[in-house]
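S.K.: Provided below: my_file_7.txt, containing compact mmCIF, C-alpha atoms.
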# COMPACT_ATOMS: atom_id res chain seq x y z
CA MET A 1 71.18 45.24 58.25
CA LYS A 2 71.99 42.41 60.57
CA TYR A 3 72.76 41.94 64.25
CA LEU A 4 76.29 40.63 64.74
CA HIS A 5 77.20 40.58 68.40
CA THR A 6 77.20 42.14 71.83
CA MET A 7 80.65 42.75 73.22
CA ILE A 8 81.44 42.47 76.88
CA ARG A 9 84.84 42.98 78.46
CA VAL A 10 86.00 40.30 80.85
CA ARG A 11 88.83 40.05 83.34
CA ASP A 12 89.15 36.26 83.66
CA LEU A 13 88.71 34.61 80.30
CA ASP A 14 88.91 31.05 81.61
CA ALA A 15 86.26 31.67 84.25
CA THR A 16 84.06 33.45 81.71
CA LEU A 17 84.31 30.61 79.22
CA LYS A 18 83.58 28.10 81.93
CA PHE A 19 80.41 29.99 82.80
CA PHE A 20 79.15 30.58 79.28
CA CYS A 21 80.25 27.31 77.65
CA GLU A 22 80.35 24.65 80.32
CA GLY A 23 77.65 26.32 82.37
CA LEU A 24 75.19 27.68 79.83
CA GLY A 25 76.07 25.68 76.74
CA LEU A 26 77.35 28.38 74.40
CA ARG A 27 79.97 27.31 71.90
CA GLU A 28 83.21 29.00 70.97
CA ALA A 29 82.92 29.95 67.32
CA ARG A 30 86.34 31.52 66.85
CA ARG A 31 89.12 33.25 68.67
CA MET A 32 91.59 35.98 67.80
CA ASP A 33 94.76 36.53 69.77
CA ASN A 34 96.44 39.86 69.14
CA ALA A 35 99.90 39.92 70.68
CA ALA A 36 100.64 43.47 69.53
CA GLY A 37 97.46 44.79 71.08
CA LYS A 38 97.71 42.37 74.02
CA PHE A 39 94.12 41.24 73.77
CA THR A 40 92.10 38.17 72.90
CA LEU A 41 88.65 38.16 71.35
CA VAL A 42 86.48 35.08 71.72
CA PHE A 43 83.19 34.80 69.86
CA LEU A 44 80.50 32.60 71.38
CA SER A 45 77.09 31.57 70.12
CA ALA A 46 74.18 29.43 71.18
CA PRO A 47 73.49 26.27 69.18
CA GLU A 48 70.09 27.45 67.92
CA SER A 49 71.31 30.93 66.93
CA PRO A 50 74.86 30.51 65.60
CA GLU A 51 74.89 33.87 63.83
CA ALA A 52 74.02 35.93 66.91
CA GLU A 53 77.28 36.08 68.78
CA ILE A 54 78.68 37.28 72.06
CA GLU A 55 82.14 38.80 71.77
CA LEU A 56 84.33 38.50 74.83
CA THR A 57 87.19 40.99 74.96
CA HIS A 58 90.05 40.09 77.23
CA ASN A 59 92.82 42.62 77.69
CA TRP A 60 95.86 40.70 78.86
CA GLY A 61 97.05 41.49 82.34
CA SER A 62 94.66 44.37 82.83
CA SER A 63 93.89 45.29 86.41
CA GLU A 64 91.51 48.08 85.43
CA ASP A 65 88.22 48.09 87.25
CA TYR A 66 85.71 47.49 84.47
CA GLY A 67 82.86 48.25 86.84
CA SER A 68 79.22 47.79 86.10
CA ALA A 69 76.51 50.27 85.36
CA ARG A 70 72.76 50.25 84.95
CA ASN A 71 72.85 51.22 81.29
CA PHE A 72 73.72 47.61 80.41
CA GLY A 73 70.96 45.32 81.58
CA HIS A 74 71.53 41.73 80.56
CA LEU A 75 72.00 39.13 77.87
CA ALA A 76 69.02 36.83 77.39
CA PHE A 77 69.02 33.27 76.11
CA ARG A 78 66.24 30.76 75.78
CA VAL A 79 66.95 27.39 77.39
CA ASP A 80 64.98 24.18 77.24
CA ASP A 81 64.67 23.77 81.01
CA ILE A 82 65.41 26.73 83.26
CA TYR A 83 65.35 24.58 86.38
CA ALA A 84 67.90 22.14 85.00
CA THR A 85 70.08 24.98 83.76
CA CYS A 86 70.07 26.72 87.12
CA ALA A 87 70.73 23.45 88.96
CA HIS A 88 73.68 22.79 86.66
CA LEU A 89 75.08 26.26 87.26
CA GLN A 90 74.63 25.89 91.00
CA SER A 91 76.46 22.55 90.89
CA MET A 92 79.38 24.50 89.37
CA GLY A 93 79.37 26.92 92.27
CA VAL A 94 77.52 29.73 90.49
CA THR A 95 75.24 31.75 92.74
CA ILE A 96 71.76 32.16 91.27
CA ASN A 97 70.54 35.39 92.80
CA ARG A 98 66.89 34.87 91.89
CA PRO A 99 66.25 31.16 91.40
CA PRO A 100 63.24 30.27 89.26
CA ARG A 101 60.36 29.09 91.37
CA GLU A 102 56.61 28.55 91.32
CA PRO A 103 54.63 30.64 91.60
CA TRP A 104 56.71 33.06 89.57
CA VAL A 105 56.96 36.17 91.71
CA SER A 106 58.14 38.96 89.49
CA MET A 107 56.66 38.00 86.14
CA ALA A 108 54.66 35.43 84.27
CA ASN A 109 56.53 32.16 83.83
CA THR A 110 57.03 31.97 80.11
CA GLY A 111 59.83 29.46 80.45
CA VAL A 112 62.35 32.20 79.71
CA TRP A 113 64.55 33.63 82.42
CA MET B 1 69.68 27.14 73.44
CA LYS B 2 69.07 30.35 71.59
CA TYR B 3 70.13 33.98 71.84
CA LEU B 4 67.14 36.21 72.50
CA HIS B 5 68.25 39.76 73.20
CA THR B 6 70.59 42.23 74.81
CA MET B 7 68.88 44.63 77.18
CA ILE B 8 69.99 48.20 77.60
CA ARG B 9 68.36 50.75 79.87
CA VAL B 10 67.60 54.10 78.32
CA ARG B 11 66.57 57.46 79.71
CA ASP B 12 64.97 59.04 76.62
CA LEU B 13 62.97 56.47 74.71
CA ASP B 14 62.06 58.78 71.85
CA ALA B 15 65.66 59.81 71.27
CA THR B 16 66.79 56.18 71.51
CA LEU B 17 64.21 55.02 68.99
CA LYS B 18 65.14 57.85 66.66
CA PHE B 19 68.77 56.73 66.79
CA PHE B 20 68.20 53.01 66.39
CA CYS B 21 65.24 53.05 64.00
CA GLU B 22 65.43 56.23 61.95
CA GLY B 23 69.20 56.39 62.22
CA LEU B 24 70.36 52.80 61.96
CA GLY B 25 67.34 51.09 60.43
CA LEU B 26 66.27 48.77 63.21
CA ARG B 27 62.57 47.98 63.42
CA GLU B 28 60.30 47.96 66.41
CA ALA B 29 59.09 44.39 66.80
CA ARG B 30 56.84 44.87 69.81
CA ARG B 31 56.30 47.01 72.85
CA MET B 32 55.05 46.41 76.37
CA ASP B 33 53.81 49.21 78.57
CA ASN B 34 53.53 48.31 82.23
CA ALA B 35 51.67 51.00 84.13
CA ALA B 36 51.94 49.20 87.46
CA GLY B 37 55.69 48.88 87.15
CA LYS B 38 56.01 52.25 85.41
CA PHE B 39 58.19 50.96 82.63
CA THR B 40 58.09 50.35 78.91
CA LEU B 41 59.95 47.63 77.06
CA VAL B 42 60.58 48.02 73.34
CA PHE B 43 62.07 45.20 71.32
CA LEU B 44 64.01 46.10 68.19
CA SER B 45 65.59 43.98 65.51
CA ALA B 46 67.51 44.38 62.30
CA PRO B 47 65.78 43.35 59.07
CA GLU B 48 68.23 40.53 58.30
CA SER B 49 68.18 39.11 61.83
CA PRO B 50 64.64 39.50 63.13
CA GLU B 51 65.07 36.94 65.91
CA ALA B 52 68.10 38.63 67.49
CA GLU B 53 66.59 41.50 69.39
CA ILE B 54 67.63 44.53 71.38
CA GLU B 55 65.43 45.19 74.39
CA LEU B 56 65.15 48.80 75.47
CA THR B 57 64.01 49.28 79.04
CA HIS B 58 62.58 52.67 79.86
CA ASN B 59 61.69 53.40 83.48
CA TRP B 60 59.18 56.20 83.42
CA GLY B 61 60.29 59.44 84.97
CA SER B 62 63.53 58.02 86.31
CA SER B 63 66.28 60.51 87.02
CA GLU B 64 68.73 57.85 88.16
CA ASP B 65 72.17 58.10 86.66
CA TYR B 66 72.48 54.88 84.67
CA GLY B 67 76.16 55.55 84.10
CA SER B 68 78.41 53.61 81.82
CA ALA B 69 81.14 51.11 82.55
CA ARG B 70 83.80 49.27 80.62
CA ASN B 71 82.28 45.85 81.22
CA PHE B 72 79.74 46.55 78.47
CA GLY B 73 81.53 47.17 75.21
CA HIS B 74 79.15 47.62 72.32
CA LEU B 75 76.40 46.29 70.11
CA ALA B 76 77.53 45.40 66.59
CA PHE B 77 75.45 45.40 63.44
CA ARG B 78 76.44 44.79 59.85
CA VAL B 79 75.34 47.48 57.42
CA ASP B 80 75.50 47.55 53.66
CA ASP B 81 77.44 50.81 53.42
CA ILE B 82 79.18 52.14 56.52
CA TYR B 83 79.92 55.48 54.87
CA ALA B 84 76.29 56.05 53.93
CA THR B 85 75.13 54.99 57.38
CA CYS B 86 77.52 57.35 59.12
CA ALA B 87 76.63 60.21 56.77
CA HIS B 88 72.96 59.61 57.50
CA LEU B 89 73.58 59.62 61.25
CA GLN B 90 75.63 62.80 60.98
CA SER B 91 72.84 64.44 59.01
CA MET B 92 70.61 63.71 62.01
CA GLY B 93 73.03 65.45 64.32
CA VAL B 94 74.68 62.32 65.69
CA THR B 95 78.37 62.73 66.47
CA ILE B 96 80.46 59.93 64.98
CA ASN B 97 83.46 59.77 67.28
CA ARG B 98 85.60 57.68 64.95
CA PRO B 99 84.36 58.14 61.40
CA PRO B 100 85.26 55.37 58.97
CA ARG B 101 88.06 56.41 56.68
CA GLU B 102 90.73 55.08 54.37
CA PRO B 103 93.23 53.87 55.23
CA TRP B 104 91.59 52.18 58.20
CA VAL B 105 93.71 53.14 61.18
CA SER B 106 92.79 50.81 63.97
CA MET B 107 91.88 47.64 62.11
CA ALA B 108 91.49 46.05 58.73
CA ASN B 109 88.52 47.40 56.79
CA THR B 110 86.22 44.42 56.54
CA GLY B 111 83.22 46.59 55.81
CA VAL B 112 82.00 46.09 59.36
CA TRP B 113 82.22 48.87 61.91
The structure given in the file should be rewritten as structure tokens.

M.R.:
Amino acid sequence: MKYLHTMIRVRDLDATLKFFCEGLGLREARRMDNAAGKFTLVFLSAPESPEAEIELTHNWGSSEDYGSARNFGHLAFRVDDIYATCAHLQSMGVTINRPPREPWVSMANTGVW
Amino acid sequence: MKYLHTMIRVRDLDATLKFFCEGLGLREARRMDNAAGKFTLVFLSAPESPEAEIELTHNWGSSEDYGSARNFGHLAFRVDDIYATCAHLQSMGVTINRPPREPWVSMANTGVW
């Protein structure tokens, strides 16, 4: 048995790819456009774990409120330098709600955010 | 950069572990009990992908409605025999909403559910 991916549904595929790829450094592994079903699937992975993918599902033209709920917590990635990563994201206009800082307030600083 | 885990928040840790471990075959890699924070974290992984984990977060005694939303789609795992896996889950009382069947209705049968 093997982990394949976590699927998340996204409204704005371009903005999502900008965040994950340009912002975080994930790579697009493959893409499937399905005109009949009016959806696009994009599979992303991190360079050091190419087989563990994130599947983005984009339903074309959907205006449905996908919402958010507490049952889904987060996706976690290890980065080489959390400060540099956050600075890069901030330079792209991404709001970092809880910037990494010393001393680490909520948990031990293991280098993983 | 490396994928670490997907975190999901669960109400009933025992029932969740029964589903993922006894039902699907994931293994518990490690567990952290935090009495001060009143939560337990359990990290699970599939035998063929031990570094790609699922993090279960259990907040002790919480009665909050964690809800569900369309932004989080699913977790995907590859299994050797989808029919055997589903039969095993059904034998445990798990309802399989869309049992695998031939001919595959919604998508090509790649052996992955």

S.K.: So that I can see what lies close to Ala52 (chain A), please list as a list in words the residues with an atom at most 6 Å from it, counting only C-alpha atoms and leaving out residues fewer than 3 positions away in the same chain.

M.R.: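 Neighbouring residues, sequence-local ones excluded: Leu4, His5 and Ser49 of chain A.
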
S.K.: If we count all atoms listed in the file and set the cut-off at 10 Å, which residues sit around Leu75 (chain A), ignoring sequence neighbours fewer than 6 positions away in its own chain? Please answer as a CSV table (one decimal) with C-alpha atoms, in the coordinates of the input.

M.R.:
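Just written: out13.csv:
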chain,number,residue,atom,x,y,z
A,6,THR,CA,77.2,42.1,71.8
A,54,ILE,CA,78.7,37.3,72.1
B,3,TYR,CA,70.1,34.0,71.8
B,4,LEU,CA,67.1,36.2,72.5
B,5,HIS,CA,68.2,39.8,73.2
B,6,THR,CA,70.6,42.2,74.8
B,7,MET,CA,68.9,44.6,77.2
B,8,ILE,CA,70.0,48.2,77.6
B,54,ILE,CA,67.6,44.5,71.4
B,55,GLU,CA,65.4,45.2,74.4

S.K.: Would you list which chain B residues are within 10 Å of chain A using only C-alpha atoms, as a VMD selection string?

M.R.: chain B and resid 1 to 11 24 to 26 45 to 57 64 to 81 112

S.K.: For a quick check of understanding, using all atoms listed in the file, which of A:Val94, A:Cys21, A:Ala87, A:Gly61 has the smallest distance to Phe43 (chain A)?

M.R.: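 So, comparing all the options, the nearest one is A:Cys21.
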
S.K.: Leaving out Leu13 (chain B) and any residue of its chain fewer than 6 positions from it, which residues lie within 10 Å of it when counting all atoms listed in the file, given as a ChimeraX atom specification?

M.R.: /B:19,40-42,56-60

S.K.: Residues near Gly93 (chain A), anyone? I mean within 12 Å using all atoms listed in the file, not counting same-chain ones fewer than 5 positions away, as a PDB file with C-alpha atoms, keeping the file's coordinate frame.

M.R.:
ATOM      1  CA  ALA A  15      86.260  31.670  84.250  1.00  0.00           C
ATOM      2  CA  LYS A  18      83.580  28.100  81.930  1.00  0.00           C
ATOM      3  CA  PHE A  19      80.410  29.990  82.800  1.00  0.00           C
ATOM      4  CA  GLY A  23      77.650  26.320  82.370  1.00  0.00           C
ATOM      5  CA  CYS A  86      70.070  26.720  87.120  1.00  0.00           C
ATOM      6  CA  ALA A  87      70.730  23.450  88.960  1.00  0.00           C
ATOM      7  CA  HIS A  88      73.680  22.790  86.660  1.00  0.00           C
TER       8      HIS A  88
END

S.K.: So how many Å separate CA of Gln90 (chain A) and CA of Asp14 (chain A), to one decimal?

M.R.: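 Rounded to one decimal, the two atoms are 17.9 Å apart.
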
S.K.: Record the distance separating CA of Glu102 (chain B) and CA of Tyr83 (chain B), expressed in Å with one decimal.

M.R.: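 About the pair CA of Glu102 (chain B) and CA of Tyr83 (chain B): they are 10.8 Å apart.
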
S.K.: Mind rebuilding region 12-40 of chain A with N, CA and C atoms and writing that out as a PDB file, keeping the file's coordinate frame?

M.R.:
ATOM      1  N   ASP A  12      88.637  37.629  83.565  1.00  0.00           N
ATOM      2  CA  ASP A  12      89.150  36.260  83.660  1.00  0.00           C
ATOM      3  C   ASP A  12      88.515  35.439  82.546  1.00  0.00           C
ATOM      4  N   LEU A  13      89.275  35.269  81.477  1.00  0.00           N
ATOM      5  CA  LEU A  13      88.710  34.610  80.300  1.00  0.00           C
ATOM      6  C   LEU A  13      88.355  33.150  80.579  1.00  0.00           C
ATOM      7  N   ASP A  14      89.201  32.458  81.319  1.00  0.00           N
ATOM      8  CA  ASP A  14      88.910  31.050  81.610  1.00  0.00           C
ATOM      9  C   ASP A  14      87.618  30.904  82.419  1.00  0.00           C
ATOM     10  N   ALA A  15      87.469  31.740  83.429  1.00  0.00           N
ATOM     11  CA  ALA A  15      86.260  31.670  84.250  1.00  0.00           C
ATOM     12  C   ALA A  15      85.024  32.052  83.443  1.00  0.00           C
ATOM     13  N   THR A  16      85.191  33.019  82.548  1.00  0.00           N
ATOM     14  CA  THR A  16      84.060  33.450  81.710  1.00  0.00           C
ATOM     15  C   THR A  16      83.641  32.341  80.755  1.00  0.00           C
ATOM     16  N   LEU A  17      84.625  31.702  80.143  1.00  0.00           N
ATOM     17  CA  LEU A  17      84.310  30.610  79.220  1.00  0.00           C
ATOM     18  C   LEU A  17      83.695  29.422  79.952  1.00  0.00           C
ATOM     19  N   LYS A  18      84.168  29.187  81.162  1.00  0.00           N
ATOM     20  CA  LYS A  18      83.580  28.100  81.930  1.00  0.00           C
ATOM     21  C   LYS A  18      82.100  28.382  82.191  1.00  0.00           C
ATOM     22  N   PHE A  19      81.803  29.623  82.525  1.00  0.00           N
ATOM     23  CA  PHE A  19      80.410  29.990  82.800  1.00  0.00           C
ATOM     24  C   PHE A  19      79.549  29.890  81.536  1.00  0.00           C
ATOM     25  N   PHE A  20      79.989  30.522  80.472  1.00  0.00           N
ATOM     26  CA  PHE A  20      79.150  30.580  79.280  1.00  0.00           C
ATOM     27  C   PHE A  20      79.087  29.241  78.527  1.00  0.00           C
ATOM     28  N   CYS A  21      80.212  28.542  78.458  1.00  0.00           N
ATOM     29  CA  CYS A  21      80.250  27.310  77.650  1.00  0.00           C
ATOM     30  C   CYS A  21      79.874  26.078  78.473  1.00  0.00           C
ATOM     31  N   GLU A  22      80.639  25.821  79.512  1.00  0.00           N
ATOM     32  CA  GLU A  22      80.350  24.650  80.320  1.00  0.00           C
ATOM     33  C   GLU A  22      79.044  24.830  81.100  1.00  0.00           C
ATOM     34  N   GLY A  23      78.833  26.062  81.561  1.00  0.00           N
ATOM     35  CA  GLY A  23      77.650  26.320  82.370  1.00  0.00           C
ATOM     36  C   GLY A  23      76.386  26.474  81.548  1.00  0.00           C
ATOM     37  N   LEU A  24      76.416  27.376  80.572  1.00  0.00           N
ATOM     38  CA  LEU A  24      75.190  27.680  79.830  1.00  0.00           C
ATOM     39  C   LEU A  24      75.065  26.922  78.514  1.00  0.00           C
ATOM     40  N   GLY A  25      76.164  26.443  77.979  1.00  0.00           N
ATOM     41  CA  GLY A  25      76.070  25.680  76.740  1.00  0.00           C
ATOM     42  C   GLY A  25      76.334  26.465  75.473  1.00  0.00           C
ATOM     43  N   LEU A  26      76.911  27.670  75.607  1.00  0.00           N
ATOM     44  CA  LEU A  26      77.350  28.380  74.400  1.00  0.00           C
ATOM     45  C   LEU A  26      78.568  27.657  73.822  1.00  0.00           C
ATOM     46  N   ARG A  27      78.830  27.936  72.565  1.00  0.00           N
ATOM     47  CA  ARG A  27      79.970  27.310  71.900  1.00  0.00           C
ATOM     48  C   ARG A  27      80.937  28.382  71.415  1.00  0.00           C
ATOM     49  N   GLU A  28      82.207  28.067  71.493  1.00  0.00           N
ATOM     50  CA  GLU A  28      83.210  29.000  70.970  1.00  0.00           C
ATOM     51  C   GLU A  28      83.248  28.881  69.464  1.00  0.00           C
ATOM     52  N   ALA A  29      82.945  29.979  68.781  1.00  0.00           N
ATOM     53  CA  ALA A  29      82.920  29.950  67.320  1.00  0.00           C
ATOM     54  C   ALA A  29      84.295  30.231  66.745  1.00  0.00           C
ATOM     55  N   ARG A  30      84.988  31.197  67.323  1.00  0.00           N
ATOM     56  CA  ARG A  30      86.340  31.520  66.850  1.00  0.00           C
ATOM     57  C   ARG A  30      87.019  32.400  67.864  1.00  0.00           C
ATOM     58  N   ARG A  31      88.318  32.523  67.701  1.00  0.00           N
ATOM     59  CA  ARG A  31      89.120  33.250  68.670  1.00  0.00           C
ATOM     60  C   ARG A  31      90.220  33.991  67.926  1.00  0.00           C
ATOM     61  N   MET A  32      90.504  35.197  68.374  1.00  0.00           N
ATOM     62  CA  MET A  32      91.590  35.980  67.800  1.00  0.00           C
ATOM     63  C   MET A  32      92.512  36.431  68.923  1.00  0.00           C
ATOM     64  N   ASP A  33      93.759  36.030  68.840  1.00  0.00           N
ATOM     65  CA  ASP A  33      94.760  36.530  69.770  1.00  0.00           C
ATOM     66  C   ASP A  33      95.542  37.631  69.068  1.00  0.00           C
ATOM     67  N   ASN A  34      95.688  38.756  69.727  1.00  0.00           N
ATOM     68  CA  ASN A  34      96.440  39.860  69.140  1.00  0.00           C
ATOM     69  C   ASN A  34      97.573  40.231  70.096  1.00  0.00           C
ATOM     70  N   ALA A  35      98.762  39.714  69.781  1.00  0.00           N
ATOM     71  CA  ALA A  35      99.900  39.920  70.680  1.00  0.00           C
ATOM     72  C   ALA A  35     100.315  41.387  70.719  1.00  0.00           C
ATOM     73  N   ALA A  36     100.241  42.064  69.568  1.00  0.00           N
ATOM     74  CA  ALA A  36     100.640  43.470  69.530  1.00  0.00           C
ATOM     75  C   ALA A  36      99.707  44.316  70.391  1.00  0.00           C
ATOM     76  N   GLY A  37      98.435  44.029  70.306  1.00  0.00           N
ATOM     77  CA  GLY A  37      97.460  44.790  71.080  1.00  0.00           C
ATOM     78  C   GLY A  37      97.229  44.213  72.468  1.00  0.00           C
ATOM     79  N   LYS A  38      97.844  43.046  72.719  1.00  0.00           N
ATOM     80  CA  LYS A  38      97.710  42.370  74.020  1.00  0.00           C
ATOM     81  C   LYS A  38      96.254  42.136  74.404  1.00  0.00           C
ATOM     82  N   PHE A  39      95.502  41.594  73.456  1.00  0.00           N
ATOM     83  CA  PHE A  39      94.120  41.240  73.770  1.00  0.00           C
ATOM     84  C   PHE A  39      93.720  39.976  73.022  1.00  0.00           C
ATOM     85  N   THR A  40      92.702  39.335  73.538  1.00  0.00           N
ATOM     86  CA  THR A  40      92.100  38.170  72.900  1.00  0.00           C
ATOM     87  C   THR A  40      90.605  38.422  72.751  1.00  0.00           C
TER      88      THR A  40
END
